Amino acid sequence: MLIAQASKRFSLILSMSKELATRPIELTWLKVEDIDLETGVVNITTAKFGIGRTLKLKSRTLAMLKAYVSKKKLGLNDRLFPVKASCFSEQYRILRNRLAEKMQDANDCVGV
């Protein structure tokens with residue numbers, strides 16, 4: 001429900017975070033060169049600087065990512081999401097609260 005309610009950019013962030021099981025900081029470090037846009041294989045640098053992980057995106061998320069990279073005209077050395085990880089947390093909190101309020105309003109109408 002959160003992904004469906006989010007903007008296109010934040011839907012991509014949430015989808016990637018879910019599928020790759022990454023921390024927000026790990027997403028902010030991702031560069032275009034870390035992702036094979038043909039197969040969806042992503043090389044992730046861990047936040048604790050351990051052994052990196054290689055995971056694969058689902059086809060729907062990969063399509064969203066390709067559209068995002070194309071729209072933003074990102075080069076290989078460009079970061080996908082050049083913001084602080086705290087921005088992701090703040091956006092998530094706002095989206096979650098907005099959705100919870102919307103769902104509460106919907107539940108109030110059902111009982112009438």
# chains A, B, ... in the order shown; residues from 1 in each chain; ligands from 1
call {"tool": "residues_around", "arguments": {"residues": "Leu99 of chain A", "least_positions_apart": "2", "cutoff": "12 Å", "atoms": "only C-alpha atoms", "output": "PDB file with C-alpha atoms, in the first residue's frame"}}
result
ATOM      1  CA  MET A   1       0.000   0.000   0.000  1.00  0.00           C
ATOM      2  CA  LEU A   2       2.872   2.350   0.793  1.00  0.00           C
ATOM      3  CA  ILE A   3       4.517   1.792  -2.580  1.00  0.00           C
ATOM      4  CA  ALA A   4       1.234   2.394  -4.405  1.00  0.00           C
ATOM      5  CA  GLN A   5       0.673   5.695  -2.563  1.00  0.00           C
ATOM      6  CA  ALA A   6       4.214   7.033  -3.026  1.00  0.00           C
ATOM      7  CA  TYR A  92       8.801   7.319   4.754  1.00  0.00           C
ATOM      8  CA  ARG A  93       7.403   8.695   8.018  1.00  0.00           C
ATOM      9  CA  ILE A  94       5.317  11.321   6.206  1.00  0.00           C
ATOM     10  CA  LEU A  95       3.970   8.772   3.712  1.00  0.00           C
ATOM     11  CA  ARG A  96       3.188   6.242   6.441  1.00  0.00           C
ATOM     12  CA  ASN A  97       1.319   8.820   8.543  1.00  0.00           C
ATOM     13  CA  GLU A 101      -4.793   8.864   8.360  1.00  0.00           C
ATOM     14  CA  LYS A 102      -6.392   8.010   5.025  1.00  0.00           C
ATOM     15  CA  MET A 103      -7.096   4.441   6.154  1.00  0.00           C
ATOM     16  CA  GLN A 104      -8.570   5.650   9.442  1.00  0.00           C
ATOM     17  CA  ASP A 105     -10.935   7.961   7.536  1.00  0.00           C
ATOM     18  CA  ALA A 106     -11.958   5.046   5.324  1.00  0.00           C
TER      19      ALA A 106
END
call {"tool": "closest_atom_pairs", "arguments": {"of": "segment 45-94 of chain A", "to": "segment 13-29 of chain A", "cutoff": "8 Å", "atoms": "only C-alpha atoms", "output": "JSON lines"}}
result
{"residue": "A:Thr45", "atom": "CA", "partner": "A:Glu26", "partner_atom": "CA", "distance": 6.6}
{"residue": "A:Thr46", "atom": "CA", "partner": "A:Glu26", "partner_atom": "CA", "distance": 6.3}
{"residue": "A:Ala47", "atom": "CA", "partner": "A:Glu26", "partner_atom": "CA", "distance": 5.8}
{"residue": "A:Leu55", "atom": "CA", "partner": "A:Leu20", "partner_atom": "CA", "distance": 6.3}
{"residue": "A:Lys56", "atom": "CA", "partner": "A:Leu20", "partner_atom": "CA", "distance": 7.3}
{"residue": "A:Leu57", "atom": "CA", "partner": "A:Glu19", "partner_atom": "CA", "distance": 6.4}
{"residue": "A:Lys58", "atom": "CA", "partner": "A:Glu19", "partner_atom": "CA", "distance": 7.5}
{"residue": "A:Thr61", "atom": "CA", "partner": "A:Ser15", "partner_atom": "CA", "distance": 6.5}
{"residue": "A:Arg79", "atom": "CA", "partner": "A:Trp29", "partner_atom": "CA", "distance": 6.6}
{"residue": "A:Leu80", "atom": "CA", "partner": "A:Thr28", "partner_atom": "CA", "distance": 7.0}
{"residue": "A:Phe81", "atom": "CA", "partner": "A:Thr28", "partner_atom": "CA", "distance": 5.2}
{"residue": "A:Pro82", "atom": "CA", "partner": "A:Thr28", "partner_atom": "CA", "distance": 6.0}
{"residue": "A:Val83", "atom": "CA", "partner": "A:Thr28", "partner_atom": "CA", "distance": 6.4}
{"residue": "A:Lys84", "atom": "CA", "partner": "A:Thr28", "partner_atom": "CA", "distance": 6.8}
{"residue": "A:Ala85", "atom": "CA", "partner": "A:Ile25", "partner_atom": "CA", "distance": 5.0}
{"residue": "A:Ser86", "atom": "CA", "partner": "A:Pro24", "partner_atom": "CA", "distance": 7.9}
{"residue": "A:Phe88", "atom": "CA", "partner": "A:Pro24", "partner_atom": "CA", "distance": 6.6}
{"residue": "A:Ser89", "atom": "CA", "partner": "A:Pro24", "partner_atom": "CA", "distance": 7.7}
call {"tool": "select_by_dssp", "arguments": {"residues": "chain A", "states": "strand (DSSP E or B)", "output": "VMD selection string"}}
result
chain A and resid 31 35 41 to 44 53 to 56 79
call {"tool": "select_by_dssp", "arguments": {"residues": "chain A", "states": "alpha helix (DSSP H)", "output": "PyMOL selection string"}}
result
chain A and resi 2-5+8-20+24-29+59-72+85-110
call {"tool": "residues_around", "arguments": {"residues": "segment 64-69 of chain A", "least_positions_apart": "3", "cutoff": "12 Å", "atoms": "only C-alpha atoms", "output": "number ranges by chain"}}
result
A: 7-16, 31-33, 35-40, 42, 57-61, 72-81
call {"tool": "atom_distance", "arguments": {"atom1": "atom CA of Val41 of chain A", "atom2": "atom CA of Arg53 of chain A"}}
result
10.2 Å
call {"tool": "decode", "arguments": {"residues": "chain A", "atoms": "C-alpha atoms", "output": "compact mmCIF listing (two decimals), in the first residue's frame"}}
result
# COMPACT_ATOMS: atom_id res chain seq x y z
CA MET A 1 0.00 0.00 0.00
CA LEU A 2 2.87 2.35 0.79
CA ILE A 3 4.52 1.79 -2.58
CA ALA A 4 1.23 2.39 -4.40
CA GLN A 5 0.67 5.70 -2.56
CA ALA A 6 4.21 7.03 -3.03
CA SER A 7 5.58 9.22 -5.82
CA LYS A 8 7.32 7.42 -8.70
CA ARG A 9 10.78 8.17 -7.28
CA PHE A 10 9.90 7.10 -3.75
CA SER A 11 8.08 4.01 -5.06
CA LEU A 12 11.34 3.03 -6.72
CA ILE A 13 13.27 3.62 -3.49
CA LEU A 14 10.81 1.57 -1.44
CA SER A 15 10.72 -1.25 -4.01
CA MET A 16 14.52 -1.45 -4.19
CA SER A 17 14.84 -1.34 -0.42
CA LYS A 18 12.30 -4.14 -0.04
CA GLU A 19 13.73 -6.40 -2.74
CA LEU A 20 17.38 -5.86 -1.86
CA ALA A 21 16.91 -5.69 1.93
CA THR A 22 19.09 -2.61 2.13
CA ARG A 23 19.53 0.11 4.67
CA PRO A 24 18.70 3.65 3.49
CA ILE A 25 22.40 4.61 3.59
CA GLU A 26 23.24 1.73 1.25
CA LEU A 27 20.74 3.03 -1.31
CA THR A 28 22.23 6.51 -1.18
CA TRP A 29 25.65 5.04 -2.02
CA LEU A 30 24.43 3.16 -5.11
CA LYS A 31 25.78 4.35 -8.43
CA VAL A 32 24.48 3.44 -11.86
CA GLU A 33 27.64 1.38 -12.45
CA ASP A 34 26.69 -0.84 -9.47
CA ILE A 35 23.65 -2.11 -11.36
CA ASP A 36 23.46 -4.21 -14.50
CA LEU A 37 20.45 -2.61 -16.19
CA GLU A 38 19.99 -5.63 -18.47
CA THR A 39 19.79 -8.38 -15.85
CA GLY A 40 18.89 -6.38 -12.72
CA VAL A 41 21.90 -7.60 -10.74
CA VAL A 42 22.92 -5.08 -8.07
CA ASN A 43 26.28 -4.98 -6.26
CA ILE A 44 25.71 -3.45 -2.84
CA THR A 45 28.36 -2.00 -0.55
CA THR A 46 27.31 -2.75 3.00
CA ALA A 47 26.81 0.05 5.49
CA LYS A 48 29.17 -1.64 7.92
CA PHE A 49 31.82 -2.07 5.21
CA GLY A 50 31.63 -5.84 5.30
CA ILE A 51 31.62 -8.16 2.34
CA GLY A 52 29.42 -6.70 -0.38
CA ARG A 53 26.29 -8.42 -1.58
CA THR A 54 25.06 -9.18 -5.07
CA LEU A 55 21.28 -9.36 -5.41
CA LYS A 56 18.76 -9.19 -8.22
CA LEU A 57 15.85 -6.82 -8.78
CA LYS A 58 12.46 -8.03 -9.97
CA SER A 59 11.52 -7.12 -13.53
CA ARG A 60 8.93 -4.52 -12.47
CA THR A 61 11.41 -2.67 -10.26
CA LEU A 62 14.08 -2.93 -12.96
CA ALA A 63 11.69 -1.30 -15.45
CA MET A 64 11.03 1.51 -12.95
CA LEU A 65 14.78 1.93 -12.46
CA LYS A 66 15.49 2.07 -16.20
CA ALA A 67 12.84 4.76 -16.65
CA TYR A 68 14.27 6.73 -13.71
CA VAL A 69 17.87 6.56 -15.03
CA SER A 70 16.71 7.57 -18.49
CA LYS A 71 14.56 10.45 -17.24
CA LYS A 72 17.33 11.82 -14.98
CA LYS A 73 19.98 11.22 -17.69
CA LEU A 74 22.34 9.63 -15.18
CA GLY A 75 25.87 8.58 -16.16
CA LEU A 76 27.69 5.49 -14.89
CA ASN A 77 29.43 7.36 -12.05
CA ASP A 78 26.30 9.21 -10.91
CA ARG A 79 24.62 8.26 -7.66
CA LEU A 80 21.04 7.07 -8.09
CA PHE A 81 19.70 8.94 -5.08
CA PRO A 82 22.06 11.79 -4.13
CA VAL A 83 20.43 12.66 -0.79
CA LYS A 84 21.06 11.90 2.86
CA ALA A 85 19.62 8.70 4.26
CA SER A 86 17.71 10.75 6.82
CA CYS A 87 15.67 12.21 3.92
CA PHE A 88 14.43 8.70 3.09
CA SER A 89 13.43 8.17 6.70
CA GLU A 90 11.57 11.47 6.81
CA GLN A 91 9.75 10.80 3.53
CA TYR A 92 8.80 7.32 4.75
CA ARG A 93 7.40 8.69 8.02
CA ILE A 94 5.32 11.32 6.21
CA LEU A 95 3.97 8.77 3.71
CA ARG A 96 3.19 6.24 6.44
CA ASN A 97 1.32 8.82 8.54
CA ARG A 98 -0.62 10.14 5.53
CA LEU A 99 -1.66 6.60 4.59
CA ALA A 100 -2.62 5.75 8.18
CA GLU A 101 -4.79 8.86 8.36
CA LYS A 102 -6.39 8.01 5.02
CA MET A 103 -7.10 4.44 6.15
CA GLN A 104 -8.57 5.65 9.44
CA ASP A 105 -10.93 7.96 7.54
CA ALA A 106 -11.96 5.05 5.32
CA ASN A 107 -12.61 2.84 8.36
CA ASP A 108 -14.76 5.55 9.95
CA CYS A 109 -17.00 5.61 6.86
CA VAL A 110 -17.42 1.82 6.83
CA GLY A 111 -19.01 1.77 10.28
CA VAL A 112 -21.73 4.26 9.31
